[in-house]
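*Asks:* Have a peek at protein-v2.cif (mmCIF, C-alpha atoms).
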```cif
data_coords
#
loop_
_atom_site.label_atom_id
_atom_site.label_comp_id
_atom_site.auth_asym_id
_atom_site.auth_seq_id
_atom_site.Cartn_x
_atom_site.Cartn_y
_atom_site.Cartn_z
CA MET A 226 38.74 -45.72 -61.46
CA PRO A 227 37.24 -42.33 -60.48
CA ARG A 228 34.06 -42.67 -58.37
CA ARG A 229 31.86 -40.82 -60.87
CA VAL A 230 33.02 -43.00 -63.77
CA LEU A 231 32.46 -46.11 -61.68
CA MET A 232 28.88 -45.04 -60.90
CA VAL A 233 28.18 -44.49 -64.60
CA VAL A 234 29.58 -47.93 -65.46
CA VAL A 235 27.47 -49.60 -62.75
CA ALA A 236 24.34 -47.81 -63.98
CA LEU A 237 25.08 -48.84 -67.58
CA VAL A 238 25.61 -52.47 -66.61
CA ALA A 239 22.36 -52.48 -64.65
CA SER A 240 20.50 -50.96 -67.58
CA LEU A 241 21.95 -53.48 -70.03
CA SER A 242 21.14 -56.35 -67.64
CA GLY A 243 17.52 -55.21 -67.46
CA THR A 244 17.33 -54.94 -71.24
CA ALA A 245 18.87 -58.39 -71.65
CA ALA A 246 16.39 -59.85 -69.16
CA ALA A 247 13.48 -58.34 -71.06
CA LEU A 248 14.84 -59.72 -74.34
CA ARG A 249 15.22 -63.18 -72.83
CA ALA A 250 11.61 -63.04 -71.62
CA ALA A 251 10.45 -62.12 -75.12
CA GLN A 252 12.51 -64.90 -76.72
CA VAL A 253 11.45 -67.78 -74.45
CA PRO A 254 8.21 -69.36 -75.70
CA ALA A 255 5.39 -69.25 -73.16
CA GLN A 256 3.44 -72.21 -74.53
CA ASN A 257 0.88 -73.59 -72.11
CA VAL A 258 1.51 -70.84 -69.54
CA ILE A 259 -1.68 -70.02 -67.66
CA VAL A 260 -2.00 -66.89 -65.52
CA HIS A 261 -4.64 -66.37 -62.85
CA GLU A 262 -5.05 -63.23 -60.74
CA TRP A 263 -7.23 -62.20 -57.82
CA GLY A 264 -7.48 -59.00 -55.81
CA THR A 265 -9.82 -56.63 -53.98
CA PHE A 266 -10.89 -52.98 -54.13
CA THR A 267 -12.06 -51.41 -50.86
CA THR A 268 -14.16 -48.22 -50.87
CA ILE A 269 -16.56 -46.39 -48.54
CA ALA A 270 -20.00 -45.19 -49.63
CA GLY A 271 -20.88 -41.57 -49.00
CA GLU A 272 -24.45 -40.48 -48.27
CA ASP A 273 -25.16 -40.42 -52.02
CA GLY A 274 -24.05 -44.04 -52.29
CA GLN A 275 -20.93 -43.33 -54.35
CA ALA A 276 -17.35 -43.92 -53.23
CA MET A 277 -16.12 -41.07 -51.02
CA ASN A 278 -12.61 -39.81 -50.32
CA TRP A 279 -10.83 -41.19 -47.26
CA VAL A 280 -7.27 -42.07 -46.19
CA PRO A 281 -6.90 -45.52 -47.79
CA LEU A 282 -3.41 -46.10 -46.36
CA GLY A 283 -4.53 -45.17 -42.85
CA GLY A 284 -4.75 -48.69 -41.45
CA PRO A 285 -2.06 -51.21 -40.51
CA THR A 286 -0.32 -52.93 -43.41
CA ASP A 287 0.20 -56.34 -41.68
CA LEU A 288 2.76 -57.17 -44.41
CA PRO A 289 6.05 -58.97 -43.78
CA CYS A 290 9.17 -56.80 -43.88
CA PHE A 291 10.54 -58.33 -47.08
CA VAL A 292 7.67 -56.78 -49.06
CA GLU A 293 8.79 -53.55 -50.73
CA HIS A 294 6.83 -50.31 -50.79
CA TYR A 295 7.29 -46.79 -51.97
CA LYS A 296 9.39 -45.67 -49.03
CA ASN A 297 12.16 -47.83 -50.51
CA ARG A 298 11.95 -46.12 -53.87
CA LEU A 299 11.41 -42.63 -55.29
CA PHE A 300 8.09 -42.08 -53.58
CA LYS A 301 9.12 -41.31 -50.00
CA VAL A 302 8.78 -37.60 -50.86
CA ILE A 303 5.51 -35.73 -50.60
CA LEU A 304 5.02 -32.17 -51.71
CA ALA A 305 3.30 -30.11 -49.04
CA PRO A 306 0.43 -28.05 -50.54
CA ASP A 307 2.32 -24.73 -50.24
CA ALA A 308 5.88 -26.01 -50.55
CA GLU A 309 8.12 -24.89 -53.40
CA ALA A 310 10.38 -27.94 -53.08
CA PRO A 311 9.85 -31.58 -52.04
CA VAL A 312 9.67 -32.09 -48.29
CA PRO A 313 10.89 -35.49 -47.04
CA MET A 314 8.37 -37.23 -44.78
CA GLU A 315 8.45 -40.41 -42.74
CA TYR A 316 6.47 -43.28 -44.23
CA GLU A 317 3.72 -43.16 -41.60
CA THR A 318 3.26 -39.41 -42.18
CA ALA A 319 2.99 -40.06 -45.90
CA ARG A 320 0.42 -42.81 -45.33
CA SER A 321 -1.77 -40.49 -43.27
CA SER A 322 -1.62 -37.69 -45.87
CA LEU A 323 -2.69 -39.44 -49.08
CA VAL A 324 -6.38 -39.01 -49.90
CA GLY A 325 -8.24 -41.23 -52.37
CA LYS A 326 -11.33 -43.34 -53.00
CA VAL A 327 -9.89 -46.84 -53.43
CA ARG A 328 -7.57 -49.15 -51.54
CA MET A 329 -6.51 -51.93 -53.91
CA GLU A 330 -5.60 -54.82 -51.63
CA THR A 331 -3.47 -57.82 -52.41
CA PRO A 332 -3.69 -58.60 -56.09
CA VAL A 333 -1.63 -61.72 -56.70
CA LEU A 334 -0.62 -63.20 -60.07
CA TYR A 335 -0.22 -66.98 -60.27
CA PHE A 336 1.63 -68.77 -63.09
CA TYR A 337 1.09 -72.36 -64.23
CA SER A 338 3.35 -74.22 -66.64
CA SER A 339 4.37 -77.85 -67.18
CA LYS A 340 7.91 -76.79 -68.13
CA GLU A 341 10.27 -73.91 -67.43
CA ALA A 342 9.33 -70.62 -69.06
CA ALA A 343 9.93 -66.89 -68.68
CA VAL A 344 7.76 -63.83 -69.15
CA SER A 345 7.88 -60.10 -68.60
CA VAL A 346 4.99 -58.53 -66.68
CA ARG A 347 3.76 -54.95 -66.74
CA VAL A 348 0.96 -53.51 -64.57
CA ARG A 349 -0.46 -50.03 -65.08
CA PHE A 350 -2.86 -48.27 -62.69
CA PRO A 351 -4.60 -45.21 -64.22
CA GLN A 352 -5.38 -42.56 -61.58
CA GLY A 353 -3.60 -44.78 -59.08
CA LEU A 354 -0.28 -45.46 -57.36
CA LEU A 355 1.31 -48.82 -56.62
CA THR A 356 2.33 -48.75 -52.95
CA GLU A 357 3.60 -52.26 -52.10
CA TRP A 358 4.98 -55.14 -54.15
CA TYR A 359 7.09 -58.31 -54.12
CA PRO A 360 9.41 -59.55 -55.57
CA THR A 361 11.50 -56.53 -56.58
CA ALA A 362 9.93 -54.54 -59.42
CA THR A 363 10.63 -51.32 -61.27
CA ALA A 364 8.13 -48.65 -60.22
CA THR A 365 7.28 -45.75 -62.55
CA GLN A 366 5.17 -43.11 -60.80
CA PRO A 367 5.01 -39.34 -60.16
CA ASN A 368 5.84 -37.63 -56.88
CA VAL A 369 3.25 -38.32 -54.23
CA LEU A 370 1.03 -35.37 -53.31
CA PRO A 371 -1.75 -35.48 -50.72
CA LYS A 372 -4.34 -35.05 -53.52
CA VAL A 373 -2.42 -36.62 -56.41
CA LEU A 374 -5.14 -39.25 -56.85
CA ASP A 375 -7.63 -36.57 -57.91
CA ASP A 376 -5.63 -36.16 -61.14
CA PRO A 377 -7.01 -38.40 -63.95
CA SER A 378 -3.69 -38.13 -65.83
CA VAL A 379 -1.72 -39.88 -63.07
CA VAL A 380 -0.66 -43.43 -63.92
CA GLY A 381 1.18 -45.73 -61.54
CA GLY A 382 3.16 -48.63 -62.89
CA LEU A 383 5.21 -51.71 -62.02
CA ASP A 384 7.41 -53.80 -64.30
CA TRP A 385 8.92 -57.22 -63.71
CA PRO A 386 11.14 -57.55 -66.84
CA TYR A 387 12.08 -61.20 -66.28
CA VAL A 388 9.92 -63.65 -64.32
CA ALA A 389 11.26 -67.21 -64.40
CA ILE A 390 8.56 -69.88 -64.05
CA THR A 391 10.12 -73.01 -62.53
CA PRO A 392 7.55 -75.81 -61.97
CA ASP A 393 10.07 -78.52 -60.97
CA ARG A 394 12.09 -76.50 -58.47
CA THR A 395 11.58 -76.32 -54.71
CA PRO A 396 11.59 -72.60 -53.92
CA SER A 397 13.10 -70.90 -50.89
CA LEU A 398 10.16 -68.75 -49.84
CA PRO A 399 10.84 -65.76 -47.57
CA MET A 400 9.15 -65.57 -44.18
CA GLY A 401 8.62 -62.68 -41.81
CA THR A 402 7.82 -62.85 -38.13
CA GLY A 403 4.27 -63.02 -36.82
CA PRO A 404 0.98 -63.54 -38.65
CA SER A 405 0.09 -61.82 -41.90
CA HIS A 406 -2.62 -61.97 -44.57
CA TYR A 407 0.21 -62.43 -47.06
CA TYR A 408 1.00 -66.13 -46.57
CA ALA A 409 -2.44 -67.67 -47.18
CA ALA A 410 -2.12 -66.78 -50.88
CA ARG A 411 0.67 -69.38 -51.23
CA GLN A 412 -1.70 -72.32 -50.63
CA THR A 413 -2.26 -73.15 -54.30
CA ASP A 414 -0.82 -75.43 -57.00
CA ALA A 415 0.79 -72.51 -58.87
CA SER A 416 4.32 -72.95 -60.20
CA PRO A 417 7.10 -71.29 -58.19
CA ILE A 418 8.61 -68.18 -59.76
CA SER A 419 11.95 -66.43 -59.40
CA VAL A 420 12.71 -62.74 -59.96
CA ASN A 421 16.31 -61.54 -59.58
CA GLY A 422 17.08 -64.55 -57.38
CA ARG A 423 14.04 -64.04 -55.14
CA ASP A 424 11.55 -66.90 -54.95
CA GLU A 425 7.79 -66.71 -54.47
CA LYS A 426 4.55 -68.45 -55.51
CA PHE A 427 3.10 -65.29 -57.10
CA LEU A 428 3.68 -61.66 -58.00
CA PHE A 429 2.17 -59.46 -55.30
CA TYR A 430 1.22 -55.78 -55.29
CA ARG A 431 -1.12 -53.25 -53.67
CA GLY A 432 -2.14 -49.68 -54.44
CA VAL A 433 -4.42 -46.72 -53.89
CA ALA A 434 -6.49 -44.81 -56.43
CA GLY A 435 -9.00 -42.07 -57.09
CA PHE A 436 -11.03 -43.53 -59.96
CA PRO A 437 -14.84 -43.91 -59.68
CA VAL A 438 -15.79 -47.53 -58.96
CA PRO A 439 -18.54 -49.17 -61.07
CA ILE A 440 -21.12 -49.44 -58.27
CA ALA A 441 -23.07 -47.21 -55.87
CA ALA A 442 -24.70 -48.41 -52.65
CA ALA A 443 -27.15 -46.08 -50.91
CA LEU A 444 -29.02 -46.81 -47.68
CA GLU A 445 -32.81 -46.92 -47.88
CA ALA A 446 -35.52 -46.93 -45.20
CA GLY A 447 -35.67 -50.01 -43.01
CA GLY A 448 -32.07 -51.00 -43.58
CA SER A 449 -32.45 -51.87 -47.26
CA VAL A 450 -29.69 -50.89 -49.69
CA ARG A 451 -30.13 -49.68 -53.25
CA VAL A 452 -27.22 -50.88 -55.39
CA THR A 453 -26.70 -49.30 -58.79
CA ASN A 454 -24.46 -50.52 -61.59
CA LEU A 455 -22.56 -47.46 -62.86
CA GLY A 456 -20.68 -49.38 -65.54
CA ARG A 457 -21.52 -50.73 -68.98
CA GLU A 458 -21.23 -54.44 -68.19
CA PRO A 459 -23.44 -56.46 -65.81
CA ILE A 460 -21.89 -56.94 -62.37
CA PRO A 461 -21.71 -60.75 -62.03
CA SER A 462 -22.49 -61.05 -58.31
CA VAL A 463 -23.59 -58.75 -55.44
CA ILE A 464 -23.85 -59.61 -51.73
CA LEU A 465 -25.12 -57.46 -48.86
CA PHE A 466 -23.31 -58.41 -45.64
CA ASP A 467 -23.92 -57.34 -42.03
CA ASN A 468 -22.14 -58.21 -38.79
CA HIS A 469 -23.61 -56.57 -35.70
CA ALA A 470 -22.43 -57.67 -32.26
CA GLY A 471 -21.10 -60.90 -33.77
CA ALA A 472 -24.36 -61.87 -35.51
CA ILE A 473 -23.57 -62.41 -39.21
CA ARG A 474 -26.23 -61.99 -41.90
CA TYR A 475 -25.99 -61.78 -45.67
CA ARG A 476 -28.13 -61.76 -48.78
CA SER A 477 -27.05 -62.39 -52.38
CA ILE A 478 -28.90 -61.13 -55.47
CA GLY A 479 -26.72 -62.66 -58.16
CA ALA A 480 -25.99 -60.48 -61.20
CA LEU A 481 -26.79 -56.75 -61.26
CA GLN A 482 -27.83 -55.30 -64.61
CA ALA A 483 -28.88 -51.78 -63.63
CA SER A 484 -30.31 -51.15 -60.15
CA ALA A 485 -31.83 -53.23 -57.37
CA ILE A 486 -32.92 -52.90 -53.77
CA ILE A 487 -31.50 -55.52 -51.41
CA GLY A 488 -33.59 -56.02 -48.30
CA ARG A 489 -31.87 -56.12 -44.94
CA PRO A 490 -30.78 -59.71 -44.27
CA ALA A 491 -33.01 -61.38 -41.67
CA GLY A 492 -31.84 -64.15 -39.38
CA ALA A 493 -28.30 -65.17 -38.50
CA SER A 494 -26.24 -66.88 -41.21
CA ASP A 495 -23.64 -69.61 -40.96
CA PRO A 496 -20.18 -68.09 -41.70
CA ALA A 497 -19.04 -71.42 -43.18
CA THR A 498 -21.91 -71.29 -45.69
CA LEU A 499 -20.96 -67.73 -46.65
CA ARG A 500 -17.33 -68.75 -47.19
CA ALA A 501 -18.41 -71.68 -49.35
CA ASP A 502 -20.69 -69.39 -51.39
CA LEU A 503 -17.84 -66.92 -51.93
CA VAL A 504 -15.52 -69.71 -53.09
CA LYS A 505 -18.13 -70.87 -55.63
CA THR A 506 -18.60 -67.28 -56.84
CA LEU A 507 -14.85 -66.87 -57.37
CA VAL A 508 -14.57 -70.18 -59.21
CA ARG A 509 -17.34 -69.00 -61.55
CA ALA A 510 -15.24 -65.85 -62.10
CA GLY A 511 -12.41 -68.04 -63.43
CA LEU A 512 -10.27 -69.03 -60.44
CA TYR A 513 -9.21 -72.55 -59.53
CA ASP A 514 -10.75 -73.91 -56.35
CA LYS A 515 -7.54 -73.60 -54.31
CA GLU A 516 -7.04 -70.01 -55.52
CA ALA A 517 -10.58 -69.08 -54.51
CA GLN A 518 -10.09 -70.74 -51.13
CA ALA A 519 -6.78 -68.90 -50.66
CA MET A 520 -8.47 -65.58 -51.42
CA VAL A 521 -11.26 -66.20 -48.90
CA ASP A 522 -8.77 -67.42 -46.28
CA THR A 523 -6.68 -64.30 -46.85
CA TRP A 524 -9.52 -61.87 -46.21
CA ARG A 525 -12.15 -63.65 -44.13
CA ASP A 526 -11.29 -61.87 -40.86
CA SER A 527 -11.35 -58.48 -42.61
CA TRP A 528 -14.33 -59.15 -44.88
CA PHE A 529 -16.43 -60.50 -42.01
CA GLU A 530 -15.52 -57.93 -39.36
CA GLU A 531 -18.11 -55.76 -37.58
CA GLY A 532 -20.05 -53.50 -39.94
CA THR A 533 -22.24 -53.43 -43.04
CA ARG A 534 -20.85 -53.71 -46.56
CA VAL A 535 -21.60 -54.69 -50.14
CA PHE A 536 -19.39 -57.21 -51.91
CA TYR A 537 -19.43 -57.48 -55.70
CA VAL A 538 -17.42 -59.19 -58.43
CA LEU A 539 -16.06 -56.74 -60.98
CA PRO A 540 -16.75 -57.48 -64.66
CA ARG A 541 -13.61 -58.58 -66.49
CA ALA A 542 -13.80 -55.57 -68.81
CA ALA A 543 -13.79 -53.25 -65.78
CA VAL A 544 -10.74 -54.99 -64.31
CA ASP A 545 -8.83 -54.64 -67.58
CA ALA A 546 -9.68 -50.93 -67.79
CA ILE A 547 -8.90 -50.19 -64.13
CA LEU A 548 -5.70 -52.22 -64.05
CA PRO A 549 -4.20 -52.88 -67.52
CA LEU A 550 -1.98 -55.98 -67.52
CA THR A 551 0.57 -56.90 -70.19
CA ILE A 552 2.40 -60.25 -70.16
CA THR A 553 4.99 -61.05 -72.84
CA PRO A 554 4.98 -63.60 -74.45
CA ALA A 555 1.20 -63.80 -74.15
CA PRO A 556 -0.05 -66.71 -71.99
CA THR A 557 -2.50 -69.22 -73.39
CA GLN A 558 -5.04 -68.11 -70.75
CA ILE A 559 -5.49 -65.22 -68.29
CA ALA A 560 -8.21 -65.16 -65.61
CA ARG A 561 -8.71 -62.06 -63.43
CA ALA A 562 -11.17 -62.19 -60.51
CA PHE A 563 -11.52 -59.03 -58.43
CA VAL A 564 -13.91 -58.48 -55.53
CA GLY A 565 -15.10 -54.98 -54.69
CA ARG A 566 -15.92 -54.12 -51.11
CA MET A 567 -18.01 -51.01 -50.40
CA GLU A 568 -18.32 -50.14 -46.72
CA LEU A 569 -21.63 -48.60 -45.58
CA VAL A 570 -21.96 -46.14 -42.69
CA THR A 571 -25.37 -46.99 -41.26
CA PRO A 572 -27.49 -44.78 -38.97
CA GLU A 573 -26.87 -47.32 -36.20
CA THR A 574 -23.12 -46.89 -36.66
CA LEU A 575 -23.40 -43.11 -36.46
CA VAL A 576 -25.45 -43.33 -33.25
CA GLU A 577 -23.01 -45.78 -31.67
CA VAL A 578 -19.95 -43.70 -32.56
CA GLN A 579 -21.56 -40.45 -31.46
CA ALA A 580 -22.46 -42.01 -28.10
CA ALA A 581 -18.93 -43.40 -27.76
CA ILE A 582 -17.48 -39.94 -28.37
CA ALA A 583 -19.80 -38.46 -25.73
CA ARG A 584 -18.63 -40.93 -23.07
CA ASN A 585 -15.04 -41.10 -24.40
CA ASP A 586 -15.30 -44.84 -25.11
CA THR A 587 -11.98 -45.26 -26.90
CA ALA A 588 -12.30 -49.06 -27.10
CA LEU A 589 -15.47 -48.85 -29.20
CA LEU A 590 -14.01 -46.08 -31.35
CA GLU A 591 -10.83 -48.07 -31.98
CA SER A 592 -12.94 -51.06 -33.03
CA ARG A 593 -13.96 -49.05 -36.12
CA GLY A 594 -10.32 -49.16 -37.21
CA ARG A 595 -9.39 -47.54 -40.51
CA PHE A 596 -13.02 -46.56 -41.15
CA LEU A 597 -13.25 -44.29 -38.10
CA GLY A 598 -12.19 -41.22 -40.11
CA PRO A 599 -14.94 -41.52 -42.75
CA ILE A 600 -17.51 -42.20 -40.01
CA ALA A 601 -16.35 -39.04 -38.23
CA ASP A 602 -16.62 -37.13 -41.53
CA GLN A 603 -20.28 -38.11 -41.85
CA LEU A 604 -20.98 -37.19 -38.22
CA ILE A 605 -19.35 -33.79 -38.69
CA ALA A 606 -21.40 -33.18 -41.85
CA LYS A 607 -24.57 -33.65 -39.74
CA THR A 608 -23.37 -31.42 -36.88
CA SER A 609 -23.99 -27.66 -36.95
CA SER A 610 -22.12 -26.76 -33.75
CA VAL A 611 -18.53 -25.71 -34.40
CA THR A 612 -17.59 -26.78 -30.86
CA ASP A 613 -19.09 -30.26 -31.37
CA ARG A 614 -17.44 -30.62 -34.75
CA THR A 615 -14.05 -29.73 -33.26
CA ARG A 616 -14.59 -32.22 -30.42
CA ILE A 617 -15.53 -35.04 -32.82
CA ARG A 618 -12.48 -34.40 -34.99
CA GLY A 619 -10.12 -34.10 -32.02
CA ILE A 620 -11.25 -37.28 -30.27
CA THR A 621 -11.41 -39.43 -33.40
CA ASN A 622 -8.02 -38.21 -34.63
CA SER A 623 -6.47 -39.07 -31.25
CA VAL A 624 -8.07 -42.52 -31.14
CA PHE A 625 -7.05 -43.26 -34.71
CA ALA A 626 -3.44 -42.28 -33.98
CA ASN A 627 -3.41 -44.69 -31.04
CA TYR A 628 -4.95 -47.40 -33.23
CA GLN A 629 -2.18 -46.99 -35.82
CA ALA A 630 0.55 -46.98 -33.18
CA ARG A 631 -0.46 -50.46 -31.98
CA PHE A 632 0.60 -52.01 -35.29
CA ALA A 633 4.07 -52.47 -36.71
CA THR A 634 4.49 -51.30 -40.30
CA CYS A 635 5.90 -54.72 -41.18
CA ARG A 636 6.36 -58.12 -39.52
#
```
Would you write the structure of this file as structure tokens?

*Replies:*
Amino acid sequence: MPRRVLMVVVALVASLSGTAAALRAAQVPAQNVIVHEWGTFTTIAGEDGQAMNWVPLGGPTDLPCFVEHYKNRLFKVILAPDAEAPVPMEYETARSSLVGKVRMETPVLYFYSSKEAAVSVRVRFPQGLLTEWYPTATATQPNVLPKVLDDPSVVGGLDWPYVAITPDRTPSLPMGTGPSHYYAARQTDASPISVNGRDEKFLFYRGVAGFPVPIAAALEAGGSVRVTNLGREPIPSVILFDNHAGAIRYRSIGALQASAIIGRPAGASDPATLRADLVKTLVRAGLYDKEAQAMVDTWRDSWFEEGTRVFYVLPRAAVDAILPLTITPAPTQIARAFVGRMELVTPETLVEVQAAIARNDTALLESRGRFLGPIADQLIAKTSSVTDRTRIRGITNSVFANYQARFATCR
């Protein structure tokens, strides 16, 4: 058979197989299927308190190598600003070129059923791109441009046409090498799933976006923070967190209707108490206890790292608008609990980083990790000397490159 004809036949078979899988998912009843989802949105507050642009893919991924991302698909091509044709770039170059407001980290979808069932799952991400996922999914997205996330018409998407829910089967779960945030999410009672012969305990994905988040957090005198609800629905829970030199403090104000000032937390807090409070908050948002515990275990080292930040639970209506989810046949119940994290660049942070730049303290600068760039941006905005601005940018860029180089892109 001629090669070209063979390729057409293979493509046709693949297309028909996908269509058949989708039809099977639609035909199998999904009675008593329950779906729960959790995830996070990470942003950085500018001086006006609203989410600012940064390089949300600039940090290490810490994901195992079996997880797929856009370098494996159509999205390994970035258009340079003045290029007339696509210019291929290495994945790390692409990561360091994409500017946006939001890093969507580790949404996972759990499925519960007392008997075997099958569903199709579709995720859409307005003004966003889906960057990592597992198991294998069909991605539908535009070419990646450095400023593509500024375009409100951009919509990223993933489809899993046939997800088999198999409660009585012992799955063969993939494992990478070394530690990863990924594995803690498996510690639940969710039913195993299978997609194209690949087993897992959940559907996993991550992304980046440029949409405005529903909260602002502006620093006030004395270390207080004014938080403002920019959305239409009350924000169910807000927490101000601070970790300075290992001393952890936090203060919770409960639900946020419009605007409130949160005073600087006073006195060291017990991290175990904070974790327990977060688990209770997530259970109130609709998660099972083990799911909430898995979410906190997944992110506790990142959430509780050095720095000052606001945590908040997104209203369900906001989650559905930000990240439309379609499951066919419709489950009997869907719970979606998302935690927003807004990083704050305090005056103390600016002083520390500026002093570290002056004495070339690369260890302290590296400790700021993926947030070093936005901190440098705020320092530069306050610096009138062109020479000093060039020095700040040069040193922080060099330190950040070294920081990235210490991490493998997968494990």

*Asks:* I want to know what sits within 9 Å of segment 417-419 of chain A, based on only C-alpha atoms, with residues of the same chain fewer than 5 positions away left out; could you give that as a compact mmCIF listing (two decimals) with C-alpha atoms, in the frame of the given file?

*Replies:*
```txt
# COMPACT_ATOMS: atom_id res chain seq x y z
CA TYR A 335 -0.22 -66.98 -60.27
CA PHE A 336 1.63 -68.77 -63.09
CA TYR A 337 1.09 -72.36 -64.23
CA PRO A 360 9.41 -59.55 -55.57
CA TYR A 387 12.08 -61.20 -66.28
CA VAL A 388 9.92 -63.65 -64.32
CA ALA A 389 11.26 -67.21 -64.40
CA ILE A 390 8.56 -69.88 -64.05
CA THR A 391 10.12 -73.01 -62.53
CA PRO A 392 7.55 -75.81 -61.97
CA ASP A 393 10.07 -78.52 -60.97
CA ARG A 394 12.09 -76.50 -58.47
CA THR A 395 11.58 -76.32 -54.71
CA PRO A 396 11.59 -72.60 -53.92
CA ASP A 424 11.55 -66.90 -54.95
CA GLU A 425 7.79 -66.71 -54.47
CA LYS A 426 4.55 -68.45 -55.51
CA PHE A 427 3.10 -65.29 -57.10
CA LEU A 428 3.68 -61.66 -58.00
```

*Asks:* Using only C-alpha atoms, which of the listed residues (A:Ser527, A:Asn622, A:Thr533, A:Thr413) sits closest to Lys515 of chain A?

*Replies:* A:Thr413

*Asks:* Would you give me, as CSV, each residue of segment 428-542 of chain A having an atom within 8 Å of an atom of segment 565-572 of chain A, along with its shortest atom pair and that distance in Å to one decimal, using all atoms listed in the file and sorting by chain and residue number?

*Replies:*
```
residue,atom,partner,partner_atom,distance
A:Ala442,CA,A:Met567,CA,7.5
A:Leu444,CA,A:Thr571,CA,7.4
A:Gly532,CA,A:Leu569,CA,7.6
A:Thr533,CA,A:Leu569,CA,5.5
A:Arg534,CA,A:Glu568,CA,4.4
A:Val535,CA,A:Met567,CA,5.1
A:Phe536,CA,A:Arg566,CA,4.7
A:Tyr537,CA,A:Gly565,CA,5.1
A:Val538,CA,A:Gly565,CA,6.1
A:Leu539,CA,A:Gly565,CA,6.6
```

*Asks:* May I have the residues within 8 Å of Arg541 of chain A as number ranges by chain, using all atoms listed in the file and disregarding those fewer than 2 positions away in the same chain?

*Replies:* A: 539, 543-545, 561-562

*Asks:* What's around Asn454 of chain A at 8 Å? Count only C-alpha atoms, leave out sequence neighbours fewer than 2 positions away in its own chain, and write the answer as a compact mmCIF listing (two decimals) with C-alpha atoms, keeping the file's coordinate frame.

*Replies:*
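Written file, result.txt:
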```
# COMPACT_ATOMS: atom_id res chain seq x y z
CA PRO A 439 -18.54 -49.17 -61.07
CA ILE A 440 -21.12 -49.44 -58.27
CA ALA A 441 -23.07 -47.21 -55.87
CA VAL A 452 -27.22 -50.88 -55.39
CA GLY A 456 -20.68 -49.38 -65.54
CA ARG A 457 -21.52 -50.73 -68.98
CA PRO A 459 -23.44 -56.46 -65.81
CA ILE A 460 -21.89 -56.94 -62.37
CA LEU A 481 -26.79 -56.75 -61.26
CA GLN A 482 -27.83 -55.30 -64.61
CA ALA A 483 -28.88 -51.78 -63.63
CA SER A 484 -30.31 -51.15 -60.15
```

*Asks:* Of the candidates A:Ala362, A:Leu334, A:Leu575, A:Leu288, which one gets nearest to His406 of chain A if we count all atoms listed in the file?

*Replies:*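 So, comparing all the options, the nearest one is A:Leu288.
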
*Asks:* Taking into account only C-alpha atoms, which residue in the set A:Arg595, A:Arg509, A:Arg616, A:Lys607 is nearest to Arg328 of chain A?

*Replies:*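 Ranked by minimum distance to Arg328 of chain A, first place goes to A:Arg595.
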
*Asks:* Considering only C-alpha atoms, return as a ChimeraX atom specification whatever protein or nucleic-acid residues lie within 10 Å of Thr361 of chain A, sequence-local ones (same chain, fewer than 4 positions apart) excluded.

*Replies:* /A:291-294,383-385,420-423,428-429

*Asks:* Using only C-alpha atoms, which of A:Ala601, A:Val333, A:Ala493, A:Ala606 sits nearest Thr621 of chain A?

*Replies:*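 Comparing A:Ala601, A:Val333, A:Ala493, A:Ala606 against Thr621 of chain A, the winner is A:Ala601.
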
*Asks:* Using the chain letters and residue numbers of this document, give as a ChimeraX atom specification the residues selected by the PyMOL selection byres ((chain A and resi 605) around 12).

*Replies:* /A:575,578-579,598-604,606-619,621

*Asks:* What lies within 10 Å of Trp524 of chain A using all atoms listed in the file, ignoring chain neighbours under 4 positions off, as a PyMOL selection string?

*Replies:* chain A and resi 265+330-331+406-407+409+519-520+528-530

*Asks:* Would you compute the distance between atom CA of Met277 of chain A and atom CA of Leu597 of chain A? Give it in Å to one decimal.

*Replies:*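 That distance, rounded to one decimal, is 13.6 Å.
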
*Asks:* Quote the spacing between atom CA of Glu591 of chain A and atom CA of Ile269 of chain A in Å to one decimal place.

*Replies:*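 Going from atom CA of Glu591 of chain A over to atom CA of Ile269 of chain A covers 17.6 Å.
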
*Asks:* Step by step: start from the point (-21.6, -57.3, -39.9) in the file's coordinates, keep every protein, DNA or RNA residue that has an atom no farther than 6 Å from it, count only C-alpha atoms, and write the set as a list of chain:residue names.

*Replies:*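 Residues with an atom at most 6 Å from (-21.6, -57.3, -39.9): A:Asp467, A:Asn468, A:His469, A:Ile473, A:Glu531, A:Gly532, A:Thr533.
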
*Asks:* Store the residues of this selection in a file with C-alpha atoms, as a CSV table (one decimal), keeping the file's coordinate frame.

*Replies:*
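In the end it all went to again-v5.csv:
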```csv
chain,number,residue,atom,x,y,z
A,467,ASP,CA,-23.9,-57.3,-42.0
A,468,ASN,CA,-22.1,-58.2,-38.8
A,469,HIS,CA,-23.6,-56.6,-35.7
A,473,ILE,CA,-23.6,-62.4,-39.2
A,531,GLU,CA,-18.1,-55.8,-37.6
A,532,GLY,CA,-20.0,-53.5,-39.9
A,533,THR,CA,-22.2,-53.4,-43.0
```

*Asks:* With all atoms listed in the file as the basis for distance, which of A:Pro554, A:Pro332, A:Gly432, A:Pro461 is at the shortest distance from Ala542 of chain A?

*Replies:* A:Pro461

*Asks:* Here's the selection I'm unsure about, the PyMOL selection byres ((chain A and resi 382) around 6); applied to the file above, which residues does it give, as a list in words?

*Replies:*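 Applied to this file, the PyMOL selection byres ((chain A and resi 382) around 6) selects Val348, Arg349, Ala364, Thr365, Gly381 and Leu383 of chain A.
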
*Asks:* Taking into account only C-alpha atoms, which residue in the set A:Gly284, A:Leu550, A:Tyr475, A:His261 is nearest to Thr498 of chain A?

*Replies:*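 Of all the options, A:Tyr475 lies closest to Thr498 of chain A.
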